[in-house]
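Read the structure below first, then the notes.
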Protein chains: 2
Amino acid sequence: MSKNIPEKVSNRLTLYHSILAEYMEQGIESISSPQISQRLGIDDSQVRKDFKLLNNAGKCRVGYLVSELKDSIEKTLGFATVKDAFIVGAGHLGLALAKYDNFNSYGLNILALFDNDPHKIDIQVNNKQIFHISKLPNLAQRLNVEIAILTVPRQFAQQVADFIIQSSQIKYIWNFTPAVLKVPPHIKVWNENLIASFVQFACKDFE
Amino acid sequence: MSKNIPEKVSNRLTLYHSILAEYMEQGIESISSPQISQRLGIDDSQVRKDFKLLNNAGKCRVGYLVSELKDSIEKTLGFATVKDAFIVGAGHLGLALAKYDNFNSYGLNILALFDNDPHKIDIQVNNKQIFHISKLPNLAQRLNVEIAILTVPRQFAQQVADFIIQSSQIKYIWNFTPAVLKVPPHIKVWNENLIASFVQFACKDFE
DNA sequence: AACAAATAAAGAAAAAAATCACGATTTATT
DNA sequence: AATAAATCGTGATTTTTTTCTTTATTTGTT
């Protein structure tokens with residue numbers, strides 16, 4: 001479905017999507033590639049190339065239809081395909097993600113949180129319950145969950161990853177810890193590397 | 001200093017750095033490119049090419065010296081150059097970042113947090129105080145802070161950005177909100193786009 | 001001492017991504 | 001009606017990034 005969209009393109013598509021949502025709210029019906037490119041500081045032909053992948057034709061001198069374009073992006077990026085996930089680690093970051101501004105409308109459905117701190121157990125966050133980590137394998141199986149969002153402190157990252165990998169059917173780990181996890185080949189890890197992100201930010205723009 | 005390192009490379013360098021820190025802790029003195037490449041699931045010649053940018057020679061049949069390599073990465077990515085920053089928005093995400101596992105050792109020094117909720121004012125988080133947002137312009141000037149880390153809810157993102165841009169000397173915004181900010185050309189925004197990140201994760205690995 | 005295996009180094013080739021350039025089309029303006 | 005301006009679409013070009021290939025070096029083994 002969205003397999004053939006390169007990473008960089010899908011990154012830009014989500015930014016376009018956000019701008020389009022804004023235009024929708026304001027009742028603006030069309031948008032041009034230069035408008036978008038200026039907002040994002042990129043080349044306008046880049047924007048058109050990206051839109052071409054969506055098979056969404058624009059109109060000369062007018063631009064693209066906001067609602068059509070927005071729908072196309074949602075279809076292409078699979079926002080309608082719901083993927084269930086658990087958050088592992090109910091610290092500030094875990095709670096922030098549990099409350100994150102409509103992850104749901106992007107296809108990510110967070111079902112529950114897990115932690116090992118007894119004080120946190122059974123608390124509800126944004127309608128999601130916090131369970132003890134020992135309940136994870138059982139619940140993952142019953143609810144058929146394959147994605148874990150790892151938000152524990154760095155020093156526990158590997159052991160918690162080991163635990164969920166060997167005791168449950170979790171196959172995908174979205175890793176928010178700075179640790180580079182060691183995992184078997186059938187487990188896919190996506191590193192949300194905030195340090196790297198900051199370094200890129202810093203390298204790109206400072207003199 | 002690190003201007004000429006491409007984004008992708010600096011991203012990988014931080015991952016290498018994390019692995020190297022782990023090797024250091026374990027007292028392992030040398031590391032080979034295949035070891036690293038296997039851990040990260042990338043090509044080994046890629047690793048060597050990256051290291052070549054660091055001007056750090058390896059030794060055939062042995063590999064690279066862990067400590068030398070780690071130092072080189074730190075120098076190249078400017079971890080020693082401290083950049084002061086404010087966190088704007090003391091919600092869960094803001095607090096998570098304020099407590100984040102040694103941002104400091106990567107050159108990011110968070111001085112304080114800001115919020116508009118009276119209940120949060122004057123609380124200390126990880127030795128950093130939370131101030132009312134109205135104090136930001138003054139403090140930014142006195143402390144000479146040019147970086148704001150924006151962690152407010154999406155619906156307030158633009159107005160808060162407008163406020164800090166026009167009332168203070170903030171020049172760089174690390175934007176953790178899903179909003180695509182409208183800013184004047186002299187302001188640099190770096191989007192930490194969690195939605196995009198998830199989409200890439202989802203597109204890359206699911207069938 | 002000779003040989004085999006692992007690895008770095010470096011250049012070549014391939015692939016991917018971004019930018020440029022220009023023709024075609026549409027809308028607005030004179 | 002003619003002209004101008006804005007914008008799309010797209011092929012060509014350039015740049016960047018990744019992968020492949022080969023050679024040389026080092027270490028361990030027979």
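Identifiers for the structure tokens are assigned positionally: chains receive A, B, ... in sequence, residues are indexed from 1 per chain, and ligands are indexed from 1 in the order shown.
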I need the chain A residues near chain B as a ChimeraX atom specification; criterion: at most 6 Å, counting only C-alpha atoms.
/A:2-3,7,11,14,92-93,96,196,200,203
Shell around DT21 of chain D at 10 Å using only C-alpha atoms (C1' of nucleotides), local window under 2 positions removed, as a PyMOL selection string:
(chain C and resi 11-13) or (chain D and resi 19+23)
Please identify all residues of chain C having at least one atom at most 8 Å from any atom of chain A, considering only C-alpha atoms (C1' of nucleotides), and return them as a CSV table (one decimal) with N, CA and C atoms (P, O5', C5', C4', C3', O3' and C1' of nucleotides), in the first residue's frame.
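So the final result, stored in iface-v2.csv, reads:
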```csv
chain,number,residue,atom,x,y,z
C,18,DA,P,15.1,14.4,-1.4
C,18,DA,O5',15.8,15.4,-2.4
C,18,DA,C5',17.1,15.9,-2.2
C,18,DA,C4',17.5,16.9,-3.2
C,18,DA,C3',16.5,18.0,-3.3
C,18,DA,O3',17.3,19.2,-3.2
C,18,DA,C1',16.9,17.1,-5.5
C,19,DT,P,16.7,20.7,-3.3
C,19,DT,O5',17.0,21.0,-4.8
C,19,DT,C5',18.4,21.0,-5.3
C,19,DT,C4',18.4,21.3,-6.7
C,19,DT,C3',17.7,22.6,-7.1
C,19,DT,O3',18.7,23.4,-7.7
C,19,DT,C1',17.1,20.8,-8.6
C,25,DT,P,-1.5,22.5,-23.8
C,25,DT,O5',-2.0,23.2,-22.5
C,25,DT,C5',-2.1,22.5,-21.2
C,25,DT,C4',-2.6,23.4,-20.2
C,25,DT,C3',-3.9,24.1,-20.5
C,25,DT,O3',-4.8,23.9,-19.4
C,25,DT,C1',-2.2,25.6,-19.7
C,26,DT,P,-6.3,24.0,-19.6
C,26,DT,O5',-6.6,25.2,-18.6
C,26,DT,C5',-6.2,25.1,-17.3
C,26,DT,C4',-6.0,26.4,-16.7
C,26,DT,C3',-7.2,27.4,-16.8
C,26,DT,O3',-7.7,27.5,-15.5
C,26,DT,C1',-5.2,28.5,-17.2
C,27,DT,P,-9.2,28.1,-15.2
C,27,DT,O5',-8.8,29.6,-14.8
C,27,DT,C5',-8.0,29.9,-13.7
C,27,DT,C4',-7.5,31.3,-13.8
C,27,DT,C3',-8.6,32.4,-13.9
C,27,DT,O3',-8.6,33.1,-12.7
C,27,DT,C1',-6.7,32.8,-15.3
```
Provide the atom CA of Ile170 of chain A to atom CA of Tyr23 of chain B distance in Å, to one decimal place.
27.3 Å
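Proximity to chain B at a cut-off of 8 Å picks out DT18, DT19, DT25, DT26 and DT27 of chain D on chain D, counting only C-alpha atoms (C1' of nucleotides).
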Contacts of Ile149 of chain B within 8 Å, only C-alpha atoms (C1' of nucleotides), excl. fewer than 5 positions in-chain, as a ChimeraX atom specification
/B:85-88,173-176
For the selection just defined, write its residues with N, CA and C atoms to a file, as a PDB file, in the first residue's frame.
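Dumped to part_34.pdb:
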```
ATOM      1  N   ALA B  85      19.069  26.423  26.093  1.00  0.00           N
ATOM      2  CA  ALA B  85      17.710  26.395  25.544  1.00  0.00           C
ATOM      3  C   ALA B  85      16.661  26.486  26.637  1.00  0.00           C
ATOM      4  N   PHE B  86      15.476  26.938  26.225  1.00  0.00           N
ATOM      5  CA  PHE B  86      14.301  26.937  27.092  1.00  0.00           C
ATOM      6  C   PHE B  86      13.298  25.924  26.565  1.00  0.00           C
ATOM      7  N   ILE B  87      12.594  25.298  27.483  1.00  0.00           N
ATOM      8  CA  ILE B  87      11.466  24.456  27.084  1.00  0.00           C
ATOM      9  C   ILE B  87      10.202  25.274  27.272  1.00  0.00           C
ATOM     10  N   VAL B  88       9.409  25.379  26.228  1.00  0.00           N
ATOM     11  CA  VAL B  88       8.177  26.158  26.310  1.00  0.00           C
ATOM     12  C   VAL B  88       6.997  25.201  26.278  1.00  0.00           C
ATOM     13  N   ILE B 173      13.754  27.236  16.779  1.00  0.00           N
ATOM     14  CA  ILE B 173      12.650  26.550  17.449  1.00  0.00           C
ATOM     15  C   ILE B 173      12.696  25.072  17.110  1.00  0.00           C
ATOM     16  N   TRP B 174      12.826  24.271  18.146  1.00  0.00           N
ATOM     17  CA  TRP B 174      12.742  22.816  17.968  1.00  0.00           C
ATOM     18  C   TRP B 174      11.292  22.460  18.259  1.00  0.00           C
ATOM     19  N   ASN B 175      10.560  22.195  17.213  1.00  0.00           N
ATOM     20  CA  ASN B 175       9.112  22.107  17.294  1.00  0.00           C
ATOM     21  C   ASN B 175       8.625  20.676  17.494  1.00  0.00           C
ATOM     22  N   PHE B 176       8.155  20.377  18.701  1.00  0.00           N
ATOM     23  CA  PHE B 176       7.615  19.046  18.993  1.00  0.00           C
ATOM     24  C   PHE B 176       6.114  18.972  18.772  1.00  0.00           C
TER      25      PHE B 176
END
```
